[in-house]
Amino acid sequence: MIQGKTLGNRIFRIFNTILMLILTLSCLYPLWYTFCLSISDKAAANSGMVTLYPIGFSLASYQEIMGDLQFFRSFLISAERTVLGTLVTILILAIFAYPLSRPSSEYRPKNVLMWLVVFCMLFNGGTIPWYITMVNYGLIDSMAGLILCGGVPVFNLILLINFYRGLPRELLEAAQIDGAGVWTILFRVVIPCSVPILATLVLFTSVGYWNEYFQGLVLSSNESHYPLQTYIKQMVVNIQTTNLSMDQIEKMDKLSNKSLNAAKVFIAMIPMLVVYPFLQKYFITGIMLGAVKE
Amino acid sequence: MKTAVMKTRPFAKKRTSRTFFHYNLMVGIGLLWLIFFNIVPMFGIIIAFEDYNPIQGLWGSEFVGLEHFEYLFSMSDSRRVIVNTLVIAVSKLILNIIVPLAFALLLNEVRQLRFKKFVQTIVYLPHFLSWVILASVLLEIFGYRGVFNALLSVFGVEGKIWFSEESCFRQLVIFSDVWKEFGFNAVIYLAALTGISPDLYEAAAIDGCGRLKAVWHITLPGIASTIVVMAILGLGNVLNAGFDQIFNLYSPLVYSTGDILDTWVYRMGLLNVQFSLATAAGLFKSAISFLLIVISYVVAYKAADYRIF
């Protein structure tokens with residue numbers, strides 16, 4: 001903020017700009033690297049020649065994916081889960097949050113329910129009890145399981161309640177005087193006024209569903225039910241972490257196909273890159289709502 | 001007057017009872033989801049106190065009290081796992097405050113607004129990529145034929161598989177987490193920085209105040225409350241070393257430095273089918289985390305008037 005013209009200031013400015021550039025590039029590099037690997041020649045990719053740009057341009061990896069039925073199946077499972085899950089979650093949250101945003105004089109059980117919700121945010125039984133419960137519900141290999149098994153996203157619910165509470169009282173009272181029932185008030189007044197927060201939650205929820213791999217892993221009986229991230233975890237990451245000794249590495253060089261793996265990973269990144277500009281616009285609002293309250 | 005009151009009351013009462021009914025309906029669906037998927041699994045912690053047998057079920061298995069906890073703390077694994085968890089989690093907590101803060105302060109010094117906006121736009125990106133994706137890229141970059149080794153070979157350093165080195169694993173995990181999250185974590189500081197009045201800087205400049213002094217006397221005090229809140233809220237994560245990250249990056253070679261509570265619970269429970277023991281370890285973590293979070297919220301409320309709702 002200090003506007004200096006001294007030599008020290010100029011040096012600082014140059015170094016600062018360079019540092020910022022390096023940090024920015026470090027965040028872009030993984031994407032670029034994956035992309036380069038995916039369109040490089042198989043031999044060049046496997047031998048580690050690809051670093052800054054593609055070597056020996058080839059679309060063989062993408063052609064190979066075209067014939068990979070399992071990859072497509074996983075992609076579709078992830079897509080369906082993301083779309084349905086986001087719709088269901090946001091609809092339930094938008095309705096659930098409304099009574100909880102009313103003062104307890106208007107809806108008496110509100111305080112008890114709020115404590116219950118907050119308790120669910122602070123405490124959980126851990127992975128094993130959760131897993132056993134899901135198995136008892138029969139949620140193995142089911143889309144409903146993939147959508148519901150994470151439970152109510154309590155933190156998002158609280159964000160929404162806080163937002164609803166901040167809406168001008170007069171607005172709701174005016175609707176009430178005009179004879180609107182609670183559902184009409186919710187769908188015609190409250191929800192249209194909450195578009196910014198709902199958009200934020202849609203983006204966060206969909207990113208969450210798309211990126212989720214663990215539930216997909218433990219709640220699937222075999223690989224044909226894996227969501228895409230689970231598929232990548234099992235088919236790409238697990239092989240990478242078993243490359244332990246030198247002779248294994250040499251064997252893997254012949255067997256593995258880094259270019260193909262990179263193409264799979266890159267395709268899994270694409271939906272994120274598509275929504276990123278929108279994410280960008282909204283998520284700052286979202287974080288600030290969660291962090292700063294008057 | 002009296003008749004008027006009498007007349008309106010039945011109508012008002014009918015109306016509130018109808019509203020009450022619809023409010024209950026609205027809560028209903030969400031509450032069912034909450035009960036069946038958040039609350040019912042909590043009762044599963046009983047497993048930690050019995051010799052759980054899937055055939056006899058939750059209520060039929062033999063009750064053994066604290067036996068599993070005693071066994072847990074006598075195991076040779078437990079010390080290692082707890083140390084790893086604490087070292088990784090606490091380092092992340094501290095660095096995830098300092099690095100984003102330093103980044104926010106430096107970015108704030110950038111004058112070209114378009115460049116600033118560009119940097120800000122890009123650095124959030126890794127936050128939105130999953131650890132599965134990033135692990136596959138990081139394992140490639142830090143692998144034997146990876147870019148990192150290619151870079152080192154220029155300086156004549158011998159290449160390694162970096163994520164399989166016991167002595168490097170923790171550092172790489174901490175570093176990669178800080179790298180993934182610094183842009184996102186900086187958002188909150190950048191927002192707080194815009195709240196500081198430019199007048200203060202002008203006044204300081206007129207008084208001959210340098211850049212560092214301005215940061216020390218104006219910027220840091222201006223965002224101190226934000227820093228305090230972030231630090232306190234981090235307390236709840238002391239046992240959270242980041243399951244998703246480590247689960248995707250580790251291998252048996254680095255268990256000695258990289259195995260954390262959550263990964264241990266996963267292997268013990270879901271791979272070795274030691275349900276009761278794994279649940280006991282999980283409950284140990286949940287209970288301590290619960291206490292810490294409650295304490296941190298109370299402190300944040302007292303110190304900085306922070307409220308979750």
# chains A, B, ... in the order shown; residues from 1 in each chain; ligands from 1
>>> residues_around(residues="range 73-76 of chain B", least_positions_apart="6", cutoff="12 Å", atoms="only C-alpha atoms", output="PyMOL selection string")
chain B and resi 66-67+82-83+256+277+280-281+284
>>> interface_residues(of="chain B", to="chain A", cutoff="6 Å", atoms="only C-alpha atoms", output="list in words")
Tyr23, Met26, Val27, Gly30, Leu34, Phe37, Asn38, Pro41, Met42, Gly44, Ile45, Val119, Val123, Ser130, Val132, Ser136, Arg145, Gly146, Val147, Arg211, Ser251, Thr279, Gly282 and Phe290 of chain B
>>> write_last_selection(atoms="C-alpha atoms", output="PDB file, in the first residue's frame")
ATOM      1  CA  TYR B  23     -43.667 -26.462   9.333  1.00  0.00           C
ATOM      2  CA  MET B  26     -41.176 -29.208   5.940  1.00  0.00           C
ATOM      3  CA  VAL B  27     -38.884 -30.428   8.683  1.00  0.00           C
ATOM      4  CA  GLY B  30     -34.864 -33.489   6.206  1.00  0.00           C
ATOM      5  CA  LEU B  34     -30.765 -36.668   9.513  1.00  0.00           C
ATOM      6  CA  PHE B  37     -27.997 -41.225   8.084  1.00  0.00           C
ATOM      7  CA  ASN B  38     -26.464 -38.991  10.756  1.00  0.00           C
ATOM      8  CA  PRO B  41     -24.887 -44.545  12.687  1.00  0.00           C
ATOM      9  CA  MET B  42     -23.856 -42.870  15.968  1.00  0.00           C
ATOM     10  CA  GLY B  44     -22.932 -47.961  16.206  1.00  0.00           C
ATOM     11  CA  ILE B  45     -20.311 -46.742  18.678  1.00  0.00           C
ATOM     12  CA  VAL B 119      -3.362 -14.858  -9.727  1.00  0.00           C
ATOM     13  CA  VAL B 123      -4.672 -20.337  -7.106  1.00  0.00           C
ATOM     14  CA  SER B 130     -10.062 -34.227  -5.504  1.00  0.00           C
ATOM     15  CA  VAL B 132      -7.608 -38.887  -6.029  1.00  0.00           C
ATOM     16  CA  SER B 136      -2.267 -39.449  -9.324  1.00  0.00           C
ATOM     17  CA  ARG B 145      10.570 -41.143 -13.880  1.00  0.00           C
ATOM     18  CA  GLY B 146       8.926 -37.948 -12.747  1.00  0.00           C
ATOM     19  CA  VAL B 147       9.587 -34.291 -13.399  1.00  0.00           C
ATOM     20  CA  ARG B 211       6.272  -1.007   3.882  1.00  0.00           C
ATOM     21  CA  SER B 251       1.986 -47.292   0.699  1.00  0.00           C
ATOM     22  CA  THR B 279     -14.629 -48.562  16.099  1.00  0.00           C
ATOM     23  CA  GLY B 282     -12.564 -44.164  15.691  1.00  0.00           C
ATOM     24  CA  PHE B 290     -15.854 -33.294  19.692  1.00  0.00           C
TER      25      PHE B 290
END
>>> select_by_dssp(residues="range 49-257 of chain B", states="strand (DSSP E)", output="list of chain:residue names")
B:Glu50, B:Asp51, B:Glu62, B:Phe63
>>> select_by_dssp(residues="range 65-291 of chain A", states="helix (DSSP H, G or I)", output="ChimeraX atom specification")
/A:65-66,69-101,110-122,127-136,143-148,154-166,169-177,182-193,195-211,214-218,223-225,228-240,246-255,258-291
>>> residues_around(residues="Phe75 in chain A", least_positions_apart="2", cutoff="9 Å", atoms="only C-alpha atoms", output="NGL selection string")
:A and (70-73 or 77-80 or 226-229 or 268)
>>> residues_around(residues="Gly234 in chain B", least_positions_apart="3", cutoff="10 Å", atoms="only C-alpha atoms", output="compact mmCIF listing (two decimals) with all heavy atoms, in the first residue's frame")
# COMPACT_ATOMS: atom_id res chain seq x y z
N ALA B 89 -1.08 -33.32 11.46
CA ALA B 89 -2.23 -32.42 11.61
C ALA B 89 -1.80 -31.06 12.15
O ALA B 89 -2.22 -30.03 11.64
CB ALA B 89 -3.28 -33.05 12.51
N VAL B 90 -0.94 -31.07 13.17
CA VAL B 90 -0.57 -29.79 13.77
C VAL B 90 0.28 -28.96 12.81
O VAL B 90 0.07 -27.75 12.68
CB VAL B 90 0.15 -30.00 15.13
CG1 VAL B 90 0.70 -28.70 15.67
CG2 VAL B 90 -0.81 -30.61 16.13
N LYS B 92 0.09 -29.01 9.61
CA LYS B 92 -0.84 -28.47 8.62
C LYS B 92 -1.61 -27.28 9.18
O LYS B 92 -1.79 -26.27 8.51
CB LYS B 92 -1.84 -29.54 8.18
CG LYS B 92 -1.32 -30.51 7.14
CD LYS B 92 -2.46 -31.43 6.74
CE LYS B 92 -2.00 -32.49 5.78
NZ LYS B 92 -3.10 -33.42 5.46
N LEU B 93 -2.06 -27.42 10.43
CA LEU B 93 -2.83 -26.34 11.06
C LEU B 93 -2.04 -25.05 11.05
O LEU B 93 -2.54 -24.00 10.66
CB LEU B 93 -3.15 -26.69 12.51
CG LEU B 93 -4.27 -27.66 12.78
CD1 LEU B 93 -4.47 -27.84 14.26
CD2 LEU B 93 -5.52 -27.14 12.12
N ILE B 94 -0.78 -25.15 11.50
CA ILE B 94 0.03 -23.94 11.62
C ILE B 94 0.34 -23.37 10.24
O ILE B 94 0.11 -22.18 9.97
CB ILE B 94 1.33 -24.25 12.40
CG1 ILE B 94 0.96 -24.66 13.83
CG2 ILE B 94 2.26 -23.05 12.40
CD1 ILE B 94 2.12 -25.23 14.61
N ASN B 96 -1.17 -23.88 7.43
CA ASN B 96 -2.35 -23.45 6.70
C ASN B 96 -2.90 -22.11 7.19
O ASN B 96 -3.85 -21.58 6.63
CB ASN B 96 -3.45 -24.52 6.75
CG ASN B 96 -3.26 -25.55 5.65
OD1 ASN B 96 -2.71 -25.24 4.59
ND2 ASN B 96 -3.70 -26.76 5.90
N ILE B 97 -2.31 -21.59 8.26
CA ILE B 97 -2.63 -20.22 8.65
C ILE B 97 -1.54 -19.28 8.14
O ILE B 97 -1.83 -18.26 7.52
CB ILE B 97 -2.77 -20.10 10.18
CG1 ILE B 97 -4.05 -20.83 10.62
CG2 ILE B 97 -2.83 -18.65 10.60
CD1 ILE B 97 -4.20 -20.95 12.10
N VAL B 228 -7.16 -14.81 14.55
CA VAL B 228 -7.46 -15.48 15.81
C VAL B 228 -8.58 -16.51 15.62
O VAL B 228 -8.46 -17.66 16.04
CB VAL B 228 -7.84 -14.45 16.91
CG1 VAL B 228 -8.41 -15.15 18.13
CG2 VAL B 228 -6.63 -13.62 17.29
N VAL B 229 -9.63 -16.10 14.92
CA VAL B 229 -10.75 -17.02 14.71
C VAL B 229 -10.29 -18.24 13.93
O VAL B 229 -10.59 -19.39 14.29
CB VAL B 229 -11.92 -16.31 13.98
CG1 VAL B 229 -12.94 -17.33 13.51
CG2 VAL B 229 -12.57 -15.30 14.89
N MET B 230 -9.52 -18.03 12.87
CA MET B 230 -9.05 -19.16 12.07
C MET B 230 -8.20 -20.11 12.91
O MET B 230 -8.30 -21.33 12.80
CB MET B 230 -8.24 -18.69 10.86
CG MET B 230 -9.00 -17.85 9.86
SD MET B 230 -10.60 -18.51 9.42
CE MET B 230 -10.15 -19.67 8.18
N ALA B 231 -7.35 -19.52 13.76
CA ALA B 231 -6.46 -20.34 14.59
C ALA B 231 -7.27 -21.16 15.58
O ALA B 231 -7.03 -22.36 15.76
CB ALA B 231 -5.45 -19.45 15.31
N ASN B 237 -9.36 -29.65 14.50
CA ASN B 237 -8.76 -30.56 13.52
C ASN B 237 -7.46 -31.19 13.97
O ASN B 237 -6.74 -31.76 13.16
CB ASN B 237 -8.51 -29.81 12.21
CG ASN B 237 -9.79 -29.64 11.42
OD1 ASN B 237 -10.66 -30.52 11.45
ND2 ASN B 237 -9.92 -28.53 10.75
N VAL B 238 -7.18 -31.10 15.27
CA VAL B 238 -5.89 -31.59 15.76
C VAL B 238 -5.69 -33.08 15.48
O VAL B 238 -4.58 -33.55 15.28
CB VAL B 238 -5.75 -31.27 17.27
CG1 VAL B 238 -4.68 -32.10 17.91
CG2 VAL B 238 -5.42 -29.80 17.43
N ASN B 240 -7.23 -34.53 12.87
CA ASN B 240 -7.60 -34.71 11.47
C ASN B 240 -6.40 -34.48 10.58
O ASN B 240 -6.10 -33.37 10.20
CB ASN B 240 -8.67 -33.68 11.09
CG ASN B 240 -9.97 -34.34 10.77
OD1 ASN B 240 -9.98 -35.53 10.46
ND2 ASN B 240 -11.04 -33.58 10.81
N LEU B 292 -12.67 -30.91 21.54
CA LEU B 292 -11.86 -29.80 21.06
C LEU B 292 -12.70 -28.79 20.27
O LEU B 292 -12.52 -27.58 20.40
CB LEU B 292 -10.72 -30.31 20.19
CG LEU B 292 -9.62 -31.07 20.93
CD1 LEU B 292 -8.61 -31.64 19.95
CD2 LEU B 292 -8.92 -30.14 21.92
N ILE B 293 -13.62 -29.30 19.46
CA ILE B 293 -14.43 -28.38 18.66
C ILE B 293 -15.32 -27.54 19.57
O ILE B 293 -15.43 -26.32 19.40
CB ILE B 293 -15.30 -29.12 17.63
CG1 ILE B 293 -14.42 -29.89 16.65
CG2 ILE B 293 -16.16 -28.15 16.85
CD1 ILE B 293 -15.20 -30.81 15.73
N SER B 296 -13.22 -25.00 21.13
CA SER B 296 -12.80 -23.96 20.19
C SER B 296 -13.95 -23.00 19.87
O SER B 296 -13.76 -21.80 19.76
CB SER B 296 -12.23 -24.56 18.92
OG SER B 296 -13.26 -25.15 18.16
